[in-house]
Amino acid sequence: MNRLAFPTPLTASMLLGALLLAGCASGVRNPSGMPVTRMNADEQGAVAGTGIESQDLVAVTDKMARSILTNPELQKAQGTPRIVLLPVENQTRFAINKDLFLDRIRVQLNSKAQGKVRFLARDRMEALEKEQELKKQGLVTSSADPNVREFKGADFFLTGKLSGLTTKARAGVSDYILYTFQLIDPRTSDILWEDSAEIKKQGNDDAAYR
Amino acid sequence: MFPFRRHCLVALLVLLAGCSSLSPEEQAKRDRVLNEDREALTHLRSGNYAAARPLLDDVVTTLGGVTAGDRSAREARSYFKEESRKSFRGEPYERVMTYYYRGILYWMDGEPDNARACFRTAALQDADPEQHQFDCDYVLLDYLDGLVSEKLSGGGGGDALKRAMKSVRGTAPPAYNKALNVMVFAEMGHGPTKYAAGEHGEQLHFSAGSSAAVTARFRVDPTNDLPSLSIPVPVYDDLTYQATTRGGRQMDYILANKAVFKDTTDTFGNAALVSGAILASQGGRGSNMDEIGAGLLVAGLLSKVVSAATTPAADTRSWESLPNLLGFAALKLPPGRRTGIIEFLGPSGQVTTSRQVSFEVTPQRDTVLFLSDRNQ
């Protein structure tokens with residue numbers, strides 16, 4: 001007799017029992033967590049969005065620092081030009097710490113320009129003035145005449161603007177960001193140097209969040 | 001392979017993949033955004049802005065990430081795991097409010113451009129690009145975007161103002177005046193909450209929020225250099241309206257499919273159990289009829305198990321401490337220490353709640369006040 005290949009009720013019950021037991025797992029992957037991964041600032045990490053990230057900051061500021069150093073106006077300048085940083089204007093949809101851009105450009109220029117340009121610490125004026133006042137009053141020592149004002153004026157202002165364009169579709173979002181930086185002569189308001197960098201990113205959201 | 005065995009194997013594999021439960025630690029991790037939102041709002045209402053800031057920053061960072069490849073989201077789409085297993089990011093009105101609050105704090109800290117960035121991203125959360133009737137329709141988000149542009153650049157807010165005017169359903173906001181230096185953000189009532197409807201709870205619905213106050217009035221106490229001043233703080237946005245008019249989610253289709261699957265497997269299970277029982281009772285022991293009947297019983301049982309394991313319930317985790325109404329007003333005050341009062345007003349103009357306010361107006365930056373009728 002031809003027997004049909006159905007499982008017997010006993011086999012089926014065993015299968016059911018096995019699957020129920022298997023179904024009681026904790027559901028946690030990597031229960032002990034993941035070790036810290038050290039990355040370079042210009043690497044894209046596993047956690048990413050379409051906004052402004054460290055790798056963008058590094059790429060943009062490297063490009064700007066190189067571009068400033070090759071600027072003929074700066075190379076021809078009499079003496080060592082003094083630069084004051086003006087805050088970057090953020091016109092994107094991403095809230096950022098704007099100082100990061102100018103700070104990194106300043107650091108890059110200071111380390112690579114070997115004294116060709118100098119930056120003025122205008123953001124520390126309050127502390128500097130207080131120190132000078134203490135010197136004037138003789139409360140602290142001074143290596144030069146404290147009554148002579150030696151705070152220098154700016155030969156150039158370095159500033160920038162971040163502008164963005166966002167496109168959204170149901171599946172995700174795309175963000176284009178244009179980074180522009182300028183060196184401005186405060187005496188004439190001439191823009192002596194300008195350069196830009198542009199970055200576009202897009203990402204799709206999981207359907208569970210759409 | 002014989003079809004019956006194959007079906008059993010599929011059902012087995014499916015069940016093996018499902019039914020697992022999350023540890024409390026893992027669930028807390030997936031609710032992190034919700035818990036941080038709630039905690040941040042509690043701090044905001046108690047005036048502890050320093051504590052609210054990092055919490056909102058963390059949420060903003062999470063919301064800014066792309067969710068492609070998110071394991072919790074993949075699980076939420078599966079037949080056998082609840083939607084609430086996905087890491088909470090909130091519905092659009094909840095995400096909007098995270099950015100809105102962070103924007104207020106940036107403005108408070110003298111960073112109006114970052115505040116504008118938050119208002120712009122908030123507006124993006126509300127937009128559904130494929131259904132233009134669901135474009136962002138918050139009056140305040142567009143209005144504040146334009147106001148900041150006007151204040152920073154002396155122009156450029158016109159487009160944003162036009163967008164804001166298109167969304168007006170009650171009081172229209174005033175034309176921009178970049179000389180205004182005190183921003184009053186007011187919020188009132190209890191916001192919408194979520195509940196699951198449908199036979200299997202697969203439909204996400206919203207319970208309307210409520211508010212005793214429908215508008216507010218801000219009064220500045222007189223001083224030597226300033227006479228008493230009173231301005232209305234009109235309501236521009238209603239979170240219940242926003243929650244209930246956003247249109248459907250793609251997840252709704254996924255949940256509807258899960259519900260159909262649950263019903264189908266349950267119906268099949270019933271039919272197989274009944275047929276199997278009848279066949280098994282009619283054939284002799286060991287006969288083909290008996291074997292087929294037993295097989296149908298097992299298949300029916302498996303199908304019922306699969307049906308029971310299917311979880312189409314919608315995720316009803318809510319940021320329930322949100323307000324229902326958002327109001328705003330701006331005024332110009334000379335620098336100095338000021339005191340005043342905000343009065344929240346009911347429909348007939350009666351004061352429902354009031355809060356004393358003390359603040360400093362400085363020449364360097366705008367003064368931003370966040371006032372809730374639920375301030376603690």
# chains A, B, ... in the order shown; residues from 1 in each chain; ligands from 1
>>> interface_residues(of="chain B", to="chain A", cutoff="6 Å", atoms="only C-alpha atoms", output="ChimeraX atom specification")
/B:16,19-22,64-68,73,113-114,117,120-121,129,249-251,295
>>> select_by_dssp(residues="region 48-287 of chain B", states="alpha helix (DSSP H)", output="PyMOL selection string")
chain B and resi 49-64+71-77+92-108+112-126+139-153+158-167+239-244+250-282
>>> residues_around(residues="Leu161 (chain B)", least_positions_apart="3", cutoff="9 Å", atoms="only C-alpha atoms", output="PyMOL selection string")
chain B and resi 139+142-147+157-158+164-166+173+175-176
>>> write_last_selection(atoms="C-alpha atoms", output="PDB file, in the first residue's frame")
ATOM      1  CA  VAL B 139       2.423  78.254  10.641  1.00  0.00           C
ATOM      2  CA  ASP B 142       7.772  78.758   8.416  1.00  0.00           C
ATOM      3  CA  TYR B 143       7.101  82.039  10.193  1.00  0.00           C
ATOM      4  CA  LEU B 144      10.052  81.629  12.550  1.00  0.00           C
ATOM      5  CA  ASP B 145      12.315  80.502   9.678  1.00  0.00           C
ATOM      6  CA  GLY B 146      11.534  83.779   7.909  1.00  0.00           C
ATOM      7  CA  LEU B 147      11.785  85.866  11.069  1.00  0.00           C
ATOM      8  CA  GLY B 157      12.083  85.912   4.916  1.00  0.00           C
ATOM      9  CA  GLY B 158       9.407  86.680   2.350  1.00  0.00           C
ATOM     10  CA  ALA B 164       3.271  80.456   6.784  1.00  0.00           C
ATOM     11  CA  MET B 165       0.310  82.509   5.574  1.00  0.00           C
ATOM     12  CA  LYS B 166      -0.863  79.624   3.396  1.00  0.00           C
ATOM     13  CA  PRO B 173       0.948  86.145  12.163  1.00  0.00           C
ATOM     14  CA  ALA B 175       4.515  91.092   9.253  1.00  0.00           C
ATOM     15  CA  TYR B 176       8.164  90.773  10.239  1.00  0.00           C
TER      16      TYR B 176
END
>>> closest_residue(among="A:Glu126, A:Ala77, A:Ser143, A:Thr61", to="Arg106 (chain A)", atoms="only C-alpha atoms")
A:Thr61
>>> residues_around(residues="region 179-190 of chain B", least_positions_apart="2", cutoff="6 Å", atoms="only C-alpha atoms", output="PyMOL selection string")
chain B and resi 177+209-211+323-332+366-373
>>> write_last_selection(atoms="C-alpha atoms", output="short mmCIF file (atom, residue, chain, number, x, y, z; two decimals), in the first residue's frame")
data_model
loop_
_atom_site.label_atom_id
_atom_site.label_comp_id
_atom_site.auth_asym_id
_atom_site.auth_seq_id
_atom_site.Cartn_x
_atom_site.Cartn_y
_atom_site.Cartn_z
CA ASN B 177 9.79 93.43 12.35
CA GLY B 209 -5.65 66.62 22.82
CA SER B 210 -7.34 69.20 24.98
CA SER B 211 -6.65 72.62 26.37
CA PRO B 323 1.08 70.41 24.54
CA ASN B 324 -1.92 70.81 22.28
CA LEU B 325 -1.53 74.44 21.18
CA LEU B 326 1.51 76.50 20.24
CA GLY B 327 1.52 80.27 20.51
CA PHE B 328 4.08 82.93 19.79
CA ALA B 329 4.54 86.67 20.13
CA ALA B 330 7.49 89.03 19.78
CA LEU B 331 7.97 92.47 21.26
CA LYS B 332 10.62 95.13 21.59
CA ASP B 366 17.33 88.26 21.55
CA THR B 367 15.68 87.26 24.78
CA VAL B 368 13.69 84.08 24.37
CA LEU B 369 11.00 83.02 26.85
CA PHE B 370 9.49 79.56 26.92
CA LEU B 371 6.22 79.52 28.82
CA SER B 372 3.85 76.64 29.27
CA ASP B 373 0.58 76.41 31.16
#
>>> atom_distance(atom1="CA of Ala59 (chain A)", atom2="CA of Glu73 (chain A)")
23.7 Å
>>> residues_around(residues="region 108-117 of chain A", least_positions_apart="4", cutoff="10 Å", atoms="only C-alpha atoms", output="list in words")
Thr61, Asp62, Met64, Ala65, Arg66, Ile68, Leu69, Leu74, Gln75, Ala77, Gly79, Thr80, Pro81, Arg82, Ile83, Leu102, Asp103 and Arg104 of chain A
>>> select_by_dssp(residues="region 87-277 of chain B", states="strand (DSSP E)", output="JSON, numbers by chain")
{"B": [182, 183, 184, 185, 186, 187, 188, 193, 194, 195, 196, 197, 203, 204, 205, 206, 207, 215, 216, 217, 218, 219, 220, 229, 230, 231, 232, 233, 235, 236, 237, 238]}
>>> residues_around(residues="Gln356 (chain B)", least_positions_apart="6", cutoff="12 Å", atoms="only C-alpha atoms", output="PyMOL selection string")
chain B and resi 218-221+338-344+369+371-373+375
>>> atom_distance(atom1="CA of Ser46 (chain B)", atom2="CA of Ser321 (chain B)")
13.4 Å
>>> closest_residue(among="A:Asp190, A:Ser142, A:Met39, A:Tyr179", to="Asp155 (chain A)", atoms="only C-alpha atoms")
A:Asp190
>>> residues_around(residues="region 308-314 of chain B", least_positions_apart="5", cutoff="7 Å", atoms="only C-alpha atoms", output="list in words")
Cys19, Tyr79, Phe80, Lys81, Glu82, Glu83, Ala196, His200, Gly201, Glu202, Gln203, Leu204, Leu255, Lys258, Ala259 and Lys262 of chain B
>>> write_last_selection(atoms="C-alpha atoms", output="compact mmCIF listing (two decimals), in the first residue's frame")
# COMPACT_ATOMS: atom_id res chain seq x y z
CA CYS B 19 8.30 34.94 18.95
CA TYR B 79 4.84 39.20 10.66
CA PHE B 80 5.81 37.90 14.04
CA LYS B 81 7.16 40.97 15.77
CA GLU B 82 5.30 44.01 17.00
CA GLU B 83 5.76 47.41 15.42
CA ALA B 196 -4.68 51.17 18.21
CA HIS B 200 -6.12 43.31 15.71
CA GLY B 201 -5.15 46.84 16.75
CA GLU B 202 -3.44 47.30 13.40
CA GLN B 203 -4.71 50.83 12.80
CA LEU B 204 -2.93 53.75 14.41
CA LEU B 255 0.30 46.29 9.44
CA LYS B 258 -0.07 41.43 8.79
CA ALA B 259 -3.72 41.57 9.89
CA LYS B 262 -3.32 36.65 10.73
>>> decode(residues="region 110-158 of chain B", atoms="C-alpha atoms", output="short mmCIF file (atom, residue, chain, number, x, y, z; two decimals), in the first residue's frame")
data_model
loop_
_atom_site.label_atom_id
_atom_site.label_comp_id
_atom_site.auth_asym_id
_atom_site.auth_seq_id
_atom_site.Cartn_x
_atom_site.Cartn_y
_atom_site.Cartn_z
CA GLY B 110 22.11 83.44 20.88
CA GLU B 111 22.34 81.11 17.90
CA PRO B 112 19.33 82.08 15.78
CA ASP B 113 20.80 80.51 12.64
CA ASN B 114 20.96 77.14 14.35
CA ALA B 115 17.43 77.76 15.61
CA ARG B 116 16.36 78.38 12.02
CA ALA B 117 18.11 75.16 11.00
CA CYS B 118 15.98 73.29 13.56
CA PHE B 119 12.76 74.95 12.38
CA ARG B 120 13.61 74.01 8.79
CA THR B 121 14.30 70.39 9.67
CA ALA B 122 11.11 70.34 11.74
CA ALA B 123 9.16 71.50 8.70
CA LEU B 124 10.74 68.71 6.68
CA GLN B 125 9.49 66.14 9.18
CA ASP B 126 5.93 67.23 8.52
CA ALA B 127 6.15 67.24 4.74
CA ASP B 128 4.94 64.32 2.69
CA PRO B 129 6.46 65.00 -0.71
CA GLU B 130 4.34 62.51 -2.57
CA GLN B 131 1.06 63.85 -1.31
CA HIS B 132 1.23 67.60 -1.64
CA GLN B 133 -1.89 68.12 0.40
CA PHE B 134 0.31 67.00 3.29
CA ASP B 135 3.09 69.53 2.78
CA CYS B 136 4.28 71.15 5.98
CA ASP B 137 1.42 73.23 7.32
CA TYR B 138 2.78 74.49 10.63
CA VAL B 139 2.42 78.25 10.64
CA LEU B 140 5.10 78.78 13.26
CA LEU B 141 7.88 76.75 11.63
CA ASP B 142 7.77 78.76 8.42
CA TYR B 143 7.10 82.04 10.19
CA LEU B 144 10.05 81.63 12.55
CA ASP B 145 12.31 80.50 9.68
CA GLY B 146 11.53 83.78 7.91
CA LEU B 147 11.78 85.87 11.07
CA VAL B 148 15.31 84.62 11.76
CA SER B 149 16.32 85.27 8.14
CA GLU B 150 14.97 88.80 8.39
CA LYS B 151 16.83 89.41 11.62
CA LEU B 152 20.12 87.93 10.41
CA SER B 153 20.21 89.18 6.85
CA GLY B 154 17.79 92.06 6.88
CA GLY B 155 15.62 90.27 4.34
CA GLY B 156 14.99 86.95 2.75
CA GLY B 157 12.08 85.91 4.92
CA GLY B 158 9.41 86.68 2.35
#
